[in-house]
Amino acid sequence: MNNRIWRIARCPVGTDFAAALELAEERLAPLEDGQIRIRNSHLSMDAGTRMWLTDREDGYQPPLPVGGPMTGLVLGEVIESRADGFTTGDLVRAFGQWADVSTVDAVMSGALRLDPAVADRRAWFGPLGMNGWTALWGIERTGAAQPGEKVLVSAAAGATGILAVQIAGLLGCEAWGIAGGAAKCAYLTRALGIAGAVDYKAQDLGAQLDRVGGVDVYFDNVGGPLLDAVLTRMNHYGRVAVCGLLANYTGGTRTAPREFDQVLMRRLRVEGFFSPDFMHEGAALTQRLRSWHEAGELVMPYDVTRGLENTLAAYARLFTGANIGKVIVELGA
Ligand SMILES: NC(=O)c1ccc[n+]([C@@H]2O[C@H](COP(=O)([O-])OP(=O)(O)OC[C@H]3O[C@@H](n4cnc5c(N)ncnc54)[C@H](OP(=O)(O)O)[C@@H]3O)[C@@H](O)[C@H]2O)c1
């Protein structure tokens with residue numbers, strides 16, 4: 001059986017993914033013990049995977065090897081299994097390959113059998129997946145947000161941020177978001193009904209941030225100059241939950257906060273967090289997220305691109321800010 005699969009030819013420069021990834025057609029090798037084969041119905045596009053497409057060795061995991069397949073979260077049915085606990089027809093999510101068919105070690109890939117009763121399976125990527133876990137953990141545990149506190153989230157109209165602002169609201173906080181452009185800000189305030197939104201691409205960023213008032217918890221997806229702007233507006237004893245550093249992902253640069261002294265001046269706690277560290281709590285996190293989601297209190301718009309051949313265009317949307325909500329590639333007929 002032949003399989004189309006995206007392979008890494010070289011590390012991308014900026015968002016020029018077409019020069020870095022190539023769509024190959026290959027014969028599938030026989031399964032080994034412990035492996036499952038998944039017919040991917042959906043690929044999850046995640047901004048954090050851009051950090052794996054570099055030659056830096058000091059990331060939270062080694063870079064993906066040049067020549068190897070592009071890896072990411074996939075959703076689909078098991079079509080062949082040599083792993084305990086998985087049978088043909090199971091709906092699963094795993095770290096697989098950007099391909100028509102993923103072949104993975106069931107344990108190493110974190111493969112998880114999913115409840116097919118969930119009406120929209122795409123939710124297993126967004127509210128019930130890594131984005132949901134990350135948003136809930138970052139707001140509640142790392143950010144330690146308390147009812148009545150003011151929570152500000154950057155990249156708030158993206159998959160992780162949209163969930164973070166809603167979860168902050170569900171936990172009784174006053175939720176504010178930062179996003180690029182009027183349409184995204186309108187979505188956050190009108191469709192989601194959060195307290196307010198800041199357009200970081202507008203001229204009057206400082207004045208808009210002043211409108212937020214003192215921030216108790218900053219759920220930061222971006223880093224860079226935005227982090228500096230927020231550090232000077234944090235309340236004393238505030239918390240900065242460092243979820244991601246989008247400002248650094250495509251530019252090949254690293255920025256240090258110029259306003260780092262505010263950590264001392266305002267007695268802030270700044271803490272990074274990373275989803276694999278709390279995967280063991282995934283079932284409990286999913287249960288809470290699912291009850292909100294099924295009650296219609298935690299919503300997710302999907303930004304869908306069809307066809308494996310169009311994956312790179314979908315991926316680029318994360319870095320050009322074209323998306324509202326979860327970017328997904330839908331495969332199959
Ligand atoms: N720590 C963890 O375990 C964990 C897990 C999942 C995700 N994350 C992090 O969560 C963040 C969001 O990831 P996602 O996959 O959910 O993507 P996403 O938010 O759906 O898409 C990325 C969004 O970021 C914004 N953006 C892109 N470049 C930017 C820049 N230079 N400055 C400011 N905003 C920028 C864009 O919106 P605008 O139009 O608003 O610019 C874009 O829509 C990433 O930092 C990712 O690494 C962390």
# chains A, B, ... in the order shown; residues from 1 in each chain; ligands from 1
>>> closest_atom_pairs(of="chain A", to="ligand 1", cutoff="7 Å", atoms="only C-alpha atoms and all ligand atoms", output="tab-separated table")
residue	atom	partner	partner_atom_place_in_ligand_line	distance
A:Met45	CA	ligand 1	15 (O)	6.4
A:Asp46	CA	ligand 1	15 (O)	3.6
A:Ala47	CA	ligand 1	15 (O)	3.9
A:Gly48	CA	ligand 1	47 (O)	3.5
A:Met130	CA	ligand 1	6 (C)	6.2
A:Asn131	CA	ligand 1	6 (C)	5.3
A:Thr134	CA	ligand 1	5 (C)	5.4
A:Ala155	CA	ligand 1	40 (O)	4.6
A:Ala156	CA	ligand 1	40 (O)	6.5
A:Ala157	CA	ligand 1	40 (O)	6.0
A:Gly158	CA	ligand 1	19 (O)	3.1
A:Ala159	CA	ligand 1	20 (O)	3.9
A:Thr160	CA	ligand 1	16 (O)	3.9
A:Gly161	CA	ligand 1	19 (O)	5.9
A:Ile178	CA	ligand 1	40 (O)	6.8
A:Ala179	CA	ligand 1	40 (O)	3.5
A:Gly180	CA	ligand 1	40 (O)	3.7
A:Gly181	CA	ligand 1	39 (O)	6.4
A:Asn221	CA	ligand 1	45 (O)	4.1
A:Val222	CA	ligand 1	33 (C)	5.3
A:Cys243	CA	ligand 1	1 (N)	4.1
A:Gly244	CA	ligand 1	45 (O)	3.2
A:Leu245	CA	ligand 1	45 (O)	4.8
A:Leu246	CA	ligand 1	45 (O)	4.6
A:Ala247	CA	ligand 1	31 (N)	3.6
A:Asn248	CA	ligand 1	31 (N)	6.8
A:Phe273	CA	ligand 1	1 (N)	5.1
A:Phe274	CA	ligand 1	3 (O)	3.4
A:Ser275	CA	ligand 1	3 (O)	3.6
A:Pro276	CA	ligand 1	3 (O)	6.8
A:Arg317	CA	ligand 1	43 (O)	6.9
A:Leu318	CA	ligand 1	21 (O)	4.1
A:Phe319	CA	ligand 1	27 (C)	4.3
A:Thr320	CA	ligand 1	27 (C)	5.9
A:Gly321	CA	ligand 1	36 (C)	3.6
A:Ala322	CA	ligand 1	43 (O)	5.9
A:Asn323	CA	ligand 1	43 (O)	4.9
A:Ile324	CA	ligand 1	43 (O)	6.3
A:Gly325	CA	ligand 1	20 (O)	5.6
A:Lys326	CA	ligand 1	20 (O)	5.3
A:Val327	CA	ligand 1	20 (O)	6.2
>>> select_by_dssp(residues="region 25-169 of chain A", states="alpha helix (DSSP H)", output="count of residues only")
18
>>> residues_around(residues="Arg10 (chain A)", least_positions_apart="5", cutoff="12 Å", atoms="only C-alpha atoms", output="list in words")
Asp16, Phe17, Ala18, Ala19, Ala20, Leu21, Glu22, Trp52, Leu53, Thr54, Asp55, Pro63, Leu64, Pro65, Val66, Gly67, Gly68, Pro69 and Met70 of chain A
>>> select_by_dssp(residues="region 79-192 of chain A", states="strand (DSSP E)", output="list in words")
Ile79, Glu80, Ser81, Leu91, Val92, Arg93, Ala94, Phe95, Gly96, Gln97, Val101, Ser102, Thr103, Val104, Asp105, Leu112, Arg113, Lys150, Val151, Leu152, Val153, Glu174, Ala175, Trp176, Gly177, Ile178 and Ala179 of chain A
>>> write_last_selection(atoms="N, CA and C atoms", output="mmCIF file, in the first residue's frame")
data_model
loop_
_atom_site.group_PDB
_atom_site.id
_atom_site.type_symbol
_atom_site.label_atom_id
_atom_site.label_comp_id
_atom_site.auth_asym_id
_atom_site.auth_seq_id
_atom_site.Cartn_x
_atom_site.Cartn_y
_atom_site.Cartn_z
ATOM 1 N N ILE A 79 -6.311 1.015 11.325
ATOM 2 C CA ILE A 79 -6.600 0.088 10.221
ATOM 3 C C ILE A 79 -5.787 -1.201 10.364
ATOM 4 N N GLU A 80 -4.833 -1.208 11.277
ATOM 5 C CA GLU A 80 -4.045 -2.416 11.532
ATOM 6 C C GLU A 80 -3.391 -2.235 12.897
ATOM 7 N N SER A 81 -3.321 -3.322 13.672
ATOM 8 C CA SER A 81 -2.726 -3.173 15.005
ATOM 9 C C SER A 81 -1.877 -4.387 15.375
ATOM 10 N N LEU A 91 -11.208 4.586 17.119
ATOM 11 C CA LEU A 91 -10.898 5.997 16.864
ATOM 12 C C LEU A 91 -9.781 6.389 17.829
ATOM 13 N N VAL A 92 -8.679 6.923 17.300
ATOM 14 C CA VAL A 92 -7.534 7.250 18.166
ATOM 15 C C VAL A 92 -6.968 8.627 17.831
ATOM 16 N N ARG A 93 -6.251 9.162 18.827
ATOM 17 C CA ARG A 93 -5.426 10.360 18.629
ATOM 18 C C ARG A 93 -4.012 9.974 19.024
ATOM 19 N N ALA A 94 -3.027 10.452 18.267
ATOM 20 C CA ALA A 94 -1.636 10.094 18.572
ATOM 21 C C ALA A 94 -0.714 11.135 17.959
ATOM 22 N N PHE A 95 0.533 11.143 18.404
ATOM 23 C CA PHE A 95 1.553 11.889 17.678
ATOM 24 C C PHE A 95 1.980 11.024 16.509
ATOM 25 N N GLY A 96 1.485 11.370 15.319
ATOM 26 C CA GLY A 96 1.778 10.578 14.128
ATOM 27 C C GLY A 96 2.508 11.406 13.095
ATOM 28 N N GLN A 97 2.301 11.053 11.837
ATOM 29 C CA GLN A 97 2.987 11.780 10.762
ATOM 30 C C GLN A 97 1.956 12.579 9.952
ATOM 31 N N VAL A 101 -1.594 8.015 6.042
ATOM 32 C CA VAL A 101 -1.605 6.943 7.037
ATOM 33 C C VAL A 101 -0.415 7.153 7.974
ATOM 34 N N SER A 102 -0.675 7.100 9.285
ATOM 35 C CA SER A 102 0.404 7.198 10.276
ATOM 36 C C SER A 102 0.720 5.816 10.816
ATOM 37 N N THR A 103 2.003 5.514 10.950
ATOM 38 C CA THR A 103 2.439 4.272 11.578
ATOM 39 C C THR A 103 3.206 4.669 12.825
ATOM 40 N N VAL A 104 2.705 4.250 13.995
ATOM 41 C CA VAL A 104 3.304 4.719 15.248
ATOM 42 C C VAL A 104 3.439 3.584 16.254
ATOM 43 N N ASP A 105 4.406 3.734 17.150
ATOM 44 C CA ASP A 105 4.457 2.886 18.331
ATOM 45 C C ASP A 105 3.352 3.398 19.269
ATOM 46 N N LEU A 112 -4.155 7.240 22.053
ATOM 47 C CA LEU A 112 -5.266 7.204 23.001
ATOM 48 C C LEU A 112 -6.528 6.817 22.257
ATOM 49 N N ARG A 113 -7.232 5.806 22.775
ATOM 50 C CA ARG A 113 -8.538 5.451 22.193
ATOM 51 C C ARG A 113 -9.558 6.485 22.638
ATOM 52 N N LYS A 150 -8.125 39.466 37.362
ATOM 53 C CA LYS A 150 -8.093 39.854 35.950
ATOM 54 C C LYS A 150 -7.046 38.996 35.229
ATOM 55 N N VAL A 151 -7.514 38.290 34.192
ATOM 56 C CA VAL A 151 -6.645 37.388 33.434
ATOM 57 C C VAL A 151 -6.531 37.926 32.015
ATOM 58 N N LEU A 152 -5.312 38.058 31.541
ATOM 59 C CA LEU A 152 -5.061 38.535 30.183
ATOM 60 C C LEU A 152 -4.361 37.415 29.406
ATOM 61 N N VAL A 153 -4.819 37.163 28.173
ATOM 62 C CA VAL A 153 -4.291 36.052 27.363
ATOM 63 C C VAL A 153 -3.814 36.610 26.030
ATOM 64 N N GLU A 174 -12.118 37.764 35.387
ATOM 65 C CA GLU A 174 -12.446 38.742 34.350
ATOM 66 C C GLU A 174 -11.434 38.518 33.227
ATOM 67 N N ALA A 175 -11.921 38.019 32.080
ATOM 68 C CA ALA A 175 -11.002 37.588 31.012
ATOM 69 C C ALA A 175 -10.848 38.662 29.942
ATOM 70 N N TRP A 176 -9.597 38.953 29.613
ATOM 71 C CA TRP A 176 -9.247 39.868 28.527
ATOM 72 C C TRP A 176 -8.336 39.127 27.562
ATOM 73 N N GLY A 177 -8.438 39.484 26.277
ATOM 74 C CA GLY A 177 -7.587 38.841 25.274
ATOM 75 C C GLY A 177 -6.810 39.864 24.465
ATOM 76 N N ILE A 178 -5.653 39.433 23.956
ATOM 77 C CA ILE A 178 -4.878 40.236 22.994
ATOM 78 C C ILE A 178 -4.869 39.453 21.683
ATOM 79 N N ALA A 179 -5.224 40.110 20.590
ATOM 80 C CA ALA A 179 -5.232 39.439 19.286
ATOM 81 C C ALA A 179 -4.942 40.464 18.198
#
>>> residues_around(residues="Asp84 (chain A)", least_positions_apart="3", cutoff="9 Å", atoms="only C-alpha atoms", output="ChimeraX atom specification")
/A:34,81,87,106
>>> closest_residue(among="A:Gln61, A:Asn3, A:Thr142, A:Asn235", to="Phe219 (chain A)", atoms="only C-alpha atoms")
A:Thr142
>>> residues_around(residues="region 289-305 of chain A", least_positions_apart="5", cutoff="8 Å", atoms="only C-alpha atoms", output="list in words")
Ala123, Gly126, Pro127, Leu128, Gly132, Ala159, Ile162, Leu163, Gln166, Ile167, Leu170, Asn310, Thr311, Ala314, Asn323, Ile324, Gly325, Lys326, Val327, Ile328, Val329 and Glu330 of chain A
>>> residues_around(residues="Asp261 (chain A)", least_positions_apart="5", cutoff="10 Å", atoms="only C-alpha atoms", output="list in words")
Leu231, Thr232, Arg266, Arg267 and Leu268 of chain A
>>> closest_residue(among="A:Ile36, A:Leu285, A:Leu227, A:Ala24", to="Ala135 (chain A)", atoms="only C-alpha atoms")
A:Leu285
>>> closest_residue(among="A:Gly85, A:Gly196, A:Gly238, A:Gly206", to="Arg269 (chain A)", atoms="only C-alpha atoms")
A:Gly238
>>> atom_distance(atom1="CA of Ala164 (chain A)", atom2="CA of Ala283 (chain A)")
18.5 Å
>>> closest_residue(among="A:Trp98, A:Tyr237, A:Tyr60, A:Phe278", to="Leu73 (chain A)", atoms="only C-alpha atoms")
A:Trp98
>>> closest_residue(among="A:Met234, A:Leu31, A:Ala207, A:Ala83", to="Glu149 (chain A)", atoms="only C-alpha atoms")
A:Met234
>>> atom_distance(atom1="CA of Met51 (chain A)", atom2="CA of Ala144 (chain A)")
26.8 Å
>>> closest_residue(among="A:Val74, A:Ala316, A:Ala229, A:Leu331", to="Ser44 (chain A)", atoms="only C-alpha atoms")
A:Val74
